[in-house]
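Undergrad: So here's query.csv, just CSV, C-alpha atoms:
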```csv
chain,number,residue,atom,x,y,z
K,18,MET,CA,288.3,-68.6,-57.4
K,19,LYS,CA,291.3,-66.8,-55.8
K,20,LYS,CA,292.4,-70.1,-54.1
K,21,ILE,CA,292.4,-71.9,-57.5
K,22,ILE,CA,294.5,-69.2,-59.1
K,23,LEU,CA,296.9,-69.3,-56.1
K,24,LEU,CA,297.2,-73.1,-56.3
K,25,LEU,CA,297.9,-72.9,-60.1
K,26,ILE,CA,300.6,-70.2,-59.5
K,27,ILE,CA,302.3,-72.3,-56.7
K,28,PHE,CA,302.1,-75.4,-58.9
K,29,PHE,CA,303.6,-73.5,-61.9
K,30,LEU,CA,306.5,-72.2,-59.7
K,31,ILE,CA,307.2,-75.7,-58.3
K,32,VAL,CA,307.3,-77.3,-61.8
K,33,SER,CA,309.3,-74.5,-63.4
K,34,ASN,CA,311.9,-74.3,-60.5
K,35,PRO,CA,312.6,-77.8,-59.3
K,36,ILE,CA,314.7,-78.3,-56.3
K,37,ARG,CA,318.3,-79.0,-57.3
K,38,SER,CA,319.8,-82.3,-56.1
K,39,TYR,CA,323.5,-83.2,-56.1
K,40,SER,CA,325.1,-86.5,-56.3
K,41,ALA,CA,328.6,-87.6,-55.2
K,42,GLU,CA,331.2,-88.2,-57.9
K,43,ILE,CA,334.3,-90.4,-58.0
K,44,LEU,CA,337.4,-88.4,-57.3
K,45,GLN,CA,339.9,-91.2,-57.0
K,46,ILE,CA,340.0,-95.0,-56.8
K,47,ASN,CA,343.0,-95.8,-54.6
K,48,ASN,CA,342.8,-99.6,-54.7
K,49,SER,CA,340.3,-102.3,-54.9
K,50,ASN,CA,338.5,-101.4,-51.7
K,51,SER,CA,339.3,-97.8,-51.0
K,52,ILE,CA,337.9,-94.8,-53.0
K,53,LEU,CA,337.5,-91.1,-52.6
K,54,VAL,CA,334.2,-89.4,-53.5
K,55,GLY,CA,333.2,-85.8,-53.3
K,56,ASP,CA,330.2,-83.6,-53.7
K,57,GLN,CA,330.1,-79.8,-54.1
K,58,ASN,CA,332.1,-78.9,-51.0
K,59,ARG,CA,333.6,-82.0,-49.3
K,60,ASP,CA,335.6,-85.2,-49.9
K,61,LEU,CA,334.9,-88.5,-48.3
K,62,ALA,CA,337.1,-91.6,-48.0
K,63,ILE,CA,335.1,-94.8,-48.4
K,64,LYS,CA,336.0,-98.4,-47.9
K,65,LEU,CA,333.9,-100.8,-49.9
K,66,PHE,CA,331.6,-103.1,-48.0
K,67,CYS,CA,332.4,-106.8,-48.0
K,68,VAL,CA,335.6,-106.6,-50.1
K,69,ASP,CA,339.0,-108.1,-49.2
K,70,ILE,CA,341.5,-108.9,-51.9
K,71,HIS,CA,344.9,-110.4,-50.8
K,72,ASP,CA,346.4,-111.4,-54.1
K,73,VAL,CA,348.6,-108.7,-55.8
K,74,GLU,CA,347.5,-109.6,-59.3
K,75,ASP,CA,343.8,-109.7,-58.4
K,76,GLU,CA,344.3,-106.3,-56.6
K,77,GLU,CA,345.6,-104.7,-59.8
K,78,ILE,CA,342.9,-106.3,-62.0
K,79,ALA,CA,340.2,-105.2,-59.6
K,80,THR,CA,341.5,-101.7,-59.4
K,81,ASN,CA,341.6,-101.4,-63.2
K,82,LEU,CA,338.1,-102.9,-63.4
K,83,LEU,CA,336.7,-100.3,-61.0
K,84,LYS,CA,338.5,-97.5,-62.8
K,85,ARG,CA,337.0,-98.7,-66.1
K,86,GLU,CA,333.5,-99.2,-64.8
K,87,PHE,CA,333.5,-96.1,-62.6
K,88,PRO,CA,335.7,-93.5,-64.3
K,89,ARG,CA,336.8,-90.4,-62.5
K,90,GLY,CA,334.0,-87.8,-62.3
K,91,SER,CA,331.2,-90.4,-62.7
K,92,LYS,CA,328.2,-89.8,-60.5
K,93,VAL,CA,327.5,-92.3,-57.8
K,94,LYS,CA,325.1,-93.0,-54.9
K,95,ILE,CA,326.4,-94.2,-51.6
K,96,LYS,CA,324.6,-96.5,-49.2
K,97,PRO,CA,326.4,-96.3,-45.8
K,98,MET,CA,326.9,-99.6,-43.9
K,99,GLY,CA,328.9,-98.4,-41.0
K,100,PHE,CA,332.2,-96.7,-39.8
K,101,ARG,CA,335.6,-98.0,-38.8
K,102,LYS,CA,338.5,-95.8,-37.8
K,103,ASN,CA,336.8,-92.7,-39.2
K,104,ILE,CA,336.4,-94.3,-42.6
K,105,LEU,CA,332.9,-94.8,-44.0
K,106,ILE,CA,332.1,-98.4,-45.0
K,107,ALA,CA,329.6,-98.3,-47.8
K,108,LYS,CA,328.1,-99.8,-50.9
K,109,VAL,CA,328.7,-97.6,-54.0
K,110,PHE,CA,326.3,-97.6,-56.9
K,111,ASN,CA,326.4,-95.9,-60.2
K,112,ILE,CA,323.7,-93.2,-60.5
K,113,SER,CA,321.2,-95.5,-62.3
K,114,GLU,CA,321.8,-98.2,-59.6
K,115,THR,CA,322.6,-100.8,-62.2
K,116,LYS,CA,326.1,-101.5,-60.9
K,117,GLU,CA,327.5,-101.7,-57.4
K,118,MET,CA,331.3,-101.8,-56.9
K,119,SER,CA,331.5,-104.8,-54.4
K,120,GLU,CA,329.1,-106.9,-56.4
K,121,LEU,CA,331.1,-106.1,-59.6
K,122,LEU,CA,334.2,-107.5,-58.0
K,123,ILE,CA,332.4,-110.6,-56.6
K,124,ALA,CA,330.8,-111.3,-60.0
K,125,ASN,CA,334.3,-111.2,-61.6
K,126,ASP,CA,335.7,-113.7,-59.1
K,127,LEU,CA,338.2,-111.1,-57.8
K,128,THR,CA,337.1,-111.3,-54.2
K,129,LYS,CA,334.9,-113.4,-52.0
K,130,GLU,CA,332.2,-111.8,-49.9
K,131,SER,CA,333.9,-111.1,-46.6
K,132,CYS,CA,331.6,-109.0,-44.4
K,133,GLN,CA,334.1,-108.8,-41.5
K,134,ASN,CA,334.7,-105.1,-42.3
```
Go through the file and emit its structure as structure tokens.
TA:
Amino acid sequence: MKKIILLLIIFFLIVSNPIRSYSAEILQINNSNSILVGDQNRDLAIKLFCVDIHDVEDEEIATNLLKREFPRGSKVKIKPMGFRKNILIAKVFNISETKEMSELLIANDLTKESCQN
């Protein structure tokens, strides 16, 4: 009987005090393939995976599209794909994982998939 009561108390404590989880948030979108994200105590520069835009007009359109779809302060999930020159190369998703930055640019014909990052 004591074990059942103890289990119920532990279950109640777990349900009433869930573990806090933090996500990263967009701090700055520098250009079409370089962003700055942060969590509670650090900032991280990220280069988007498989994005390379050379045209100046497309660069501006792409940057504005990313700023509109991922406004400053929006929560994101990061999927690391590698490192290059101390910069993380990653895929960046919105918190519900319905949009990904690289795929958004490719879908809008602003870049071609170039995975030579």
Undergrad: What does the distance from atom CA of Phe66 of chain K to atom CA of Ile95 of chain K come to in Å, to one decimal?
TA: 10.9 Å
Undergrad: Using all atoms listed in the file, pick whichever of K:Asn58, K:Asn48, K:Lys19, K:Glu117 has the shortest atom-to-atom distance to Ile78 of chain K.
TA: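 For Ile78 of chain K, the nearest of the given residues is K:Asn48.
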Undergrad: Please list as an MDAnalysis selection string every residue within 10 Å of Gln45 of chain K, counting all atoms listed in the file and excluding residues in the same chain fewer than 6 positions away.
TA: chainID K and resid 51:55 62 84 87:90
Undergrad: So what do you get for atom CA of Leu127 of chain K versus atom CA of Cys67 of chain K, distance-wise?
TA: 12.2 Å
Undergrad: Pick from K:Glu120, K:Asp60, K:Glu42, K:Asp72: nearest to Ile104 of chain K, with all atoms listed in the file counted?
TA: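 That would be K:Asp60, the residue with the smallest distance to Ile104 of chain K.
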Undergrad: Could you pull out every residue with an atom within 12 Å of (328.0, -99.4, -41.1), file coordinates, counting only C-alpha atoms, and send them as a ChimeraX atom specification?
TA: /K:63-67,95-108,132-134
Undergrad: What is the distance, in Å and to one decimal place, between atom CA of Val93 of chain K and atom CA of Ile123 of chain K?
TA: 19.0 Å
Undergrad: Go through K:Val68, K:Lys92, K:Ser49, K:Ile22 and flag the residue nearest Ser113 of chain K, using all atoms listed in the file for the distances.
TA: K:Lys92
Undergrad: May I ask which of the residues K:Asn81, K:Ser91, K:Asn125, K:Ser119 is the closest one to Asn50 of chain K, counting all atoms listed in the file?
TA: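 Result for the nearest residue to Asn50 of chain K: K:Ser119.
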Undergrad: For Thr115 of chain K, which residue out of K:Ser40, K:Lys94, K:Ala79, K:Arg85 is the nearest one, using only C-alpha atoms?
TA: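 Distance minimum relative to Thr115 of chain K lands on K:Lys94.
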Undergrad: So, with only C-alpha atoms as the atoms that count, which of K:Thr128, K:Asp75, K:Ala41, K:Asp69 lies closest to Ile112 of chain K?
TA: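 Nearest candidate to Ile112 of chain K out of K:Thr128, K:Asp75, K:Ala41, K:Asp69: K:Ala41.
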Undergrad: Can you rebuild segment 96-124 of chain K with N, CA and C atoms and give it as a CSV table (one decimal), in the coordinates of the input?
TA:
```
chain,number,residue,atom,x,y,z
K,96,LYS,N,325.5,-95.9,-50.2
K,96,LYS,CA,324.6,-96.5,-49.2
K,96,LYS,C,325.5,-96.9,-48.0
K,97,PRO,N,325.5,-96.0,-46.9
K,97,PRO,CA,326.4,-96.3,-45.8
K,97,PRO,C,326.0,-97.6,-45.1
K,98,MET,N,327.1,-98.3,-44.7
K,98,MET,CA,326.9,-99.6,-43.9
K,98,MET,C,327.5,-99.5,-42.5
K,99,GLY,N,328.3,-98.5,-42.3
K,99,GLY,CA,328.9,-98.4,-41.0
K,99,GLY,C,330.2,-97.5,-41.0
K,100,PHE,N,330.9,-97.4,-39.9
K,100,PHE,CA,332.2,-96.7,-39.8
K,100,PHE,C,333.2,-97.6,-39.1
K,101,ARG,N,334.5,-97.3,-39.5
K,101,ARG,CA,335.6,-98.0,-38.8
K,101,ARG,C,336.8,-97.1,-39.0
K,102,LYS,N,337.4,-96.7,-37.8
K,102,LYS,CA,338.5,-95.8,-37.8
K,102,LYS,C,338.3,-94.6,-38.7
K,103,ASN,N,337.2,-93.9,-38.5
K,103,ASN,CA,336.8,-92.7,-39.2
K,103,ASN,C,336.8,-92.8,-40.7
K,104,ILE,N,336.6,-94.0,-41.2
K,104,ILE,CA,336.4,-94.3,-42.6
K,104,ILE,C,335.0,-94.9,-42.8
K,105,LEU,N,334.2,-94.3,-43.7
K,105,LEU,CA,332.9,-94.8,-44.0
K,105,LEU,C,333.0,-96.1,-44.7
K,106,ILE,N,332.3,-97.1,-44.3
K,106,ILE,CA,332.1,-98.4,-45.0
K,106,ILE,C,330.8,-98.3,-45.7
K,107,ALA,N,330.8,-98.5,-47.0
K,107,ALA,CA,329.6,-98.3,-47.8
K,107,ALA,C,329.5,-99.1,-49.1
K,108,LYS,N,328.3,-99.2,-49.6
K,108,LYS,CA,328.1,-99.8,-50.9
K,108,LYS,C,328.0,-98.6,-51.9
K,109,VAL,N,328.7,-98.7,-53.0
K,109,VAL,CA,328.7,-97.6,-54.0
K,109,VAL,C,328.1,-98.0,-55.3
K,110,PHE,N,327.0,-97.3,-55.7
K,110,PHE,CA,326.3,-97.6,-56.9
K,110,PHE,C,326.5,-96.6,-57.9
K,111,ASN,N,326.4,-96.9,-59.2
K,111,ASN,CA,326.4,-95.9,-60.2
K,111,ASN,C,325.0,-95.2,-60.1
K,112,ILE,N,324.9,-94.1,-60.8
K,112,ILE,CA,323.7,-93.2,-60.5
K,112,ILE,C,322.4,-93.9,-60.9
K,113,SER,N,322.4,-94.8,-61.9
K,113,SER,CA,321.2,-95.5,-62.3
K,113,SER,C,321.0,-96.8,-61.5
K,114,GLU,N,321.9,-97.0,-60.5
K,114,GLU,CA,321.8,-98.2,-59.6
K,114,GLU,C,321.8,-99.5,-60.3
K,115,THR,N,322.5,-99.6,-61.5
K,115,THR,CA,322.6,-100.8,-62.2
K,115,THR,C,323.9,-101.6,-61.8
K,116,LYS,N,324.9,-100.9,-61.3
K,116,LYS,CA,326.1,-101.5,-60.9
K,116,LYS,C,326.5,-101.1,-59.5
K,117,GLU,N,327.0,-102.0,-58.8
K,117,GLU,CA,327.5,-101.7,-57.4
K,117,GLU,C,329.0,-102.3,-57.4
K,118,MET,N,329.9,-101.5,-56.8
K,118,MET,CA,331.3,-101.8,-56.9
K,118,MET,C,331.6,-103.2,-56.2
K,119,SER,N,331.2,-103.5,-55.1
K,119,SER,CA,331.5,-104.8,-54.4
K,119,SER,C,330.9,-105.9,-55.2
K,120,GLU,N,329.7,-105.8,-55.7
K,120,GLU,CA,329.1,-106.9,-56.4
K,120,GLU,C,329.8,-107.1,-57.8
K,121,LEU,N,330.3,-106.0,-58.3
K,121,LEU,CA,331.1,-106.1,-59.6
K,121,LEU,C,332.3,-107.0,-59.4
K,122,LEU,N,333.0,-106.7,-58.3
K,122,LEU,CA,334.2,-107.5,-58.0
K,122,LEU,C,333.9,-109.0,-57.6
K,123,ILE,N,332.8,-109.2,-56.9
K,123,ILE,CA,332.4,-110.6,-56.6
K,123,ILE,C,332.0,-111.3,-57.9
K,124,ALA,N,331.3,-110.7,-58.7
K,124,ALA,CA,330.8,-111.3,-60.0
K,124,ALA,C,332.0,-111.6,-60.9
```
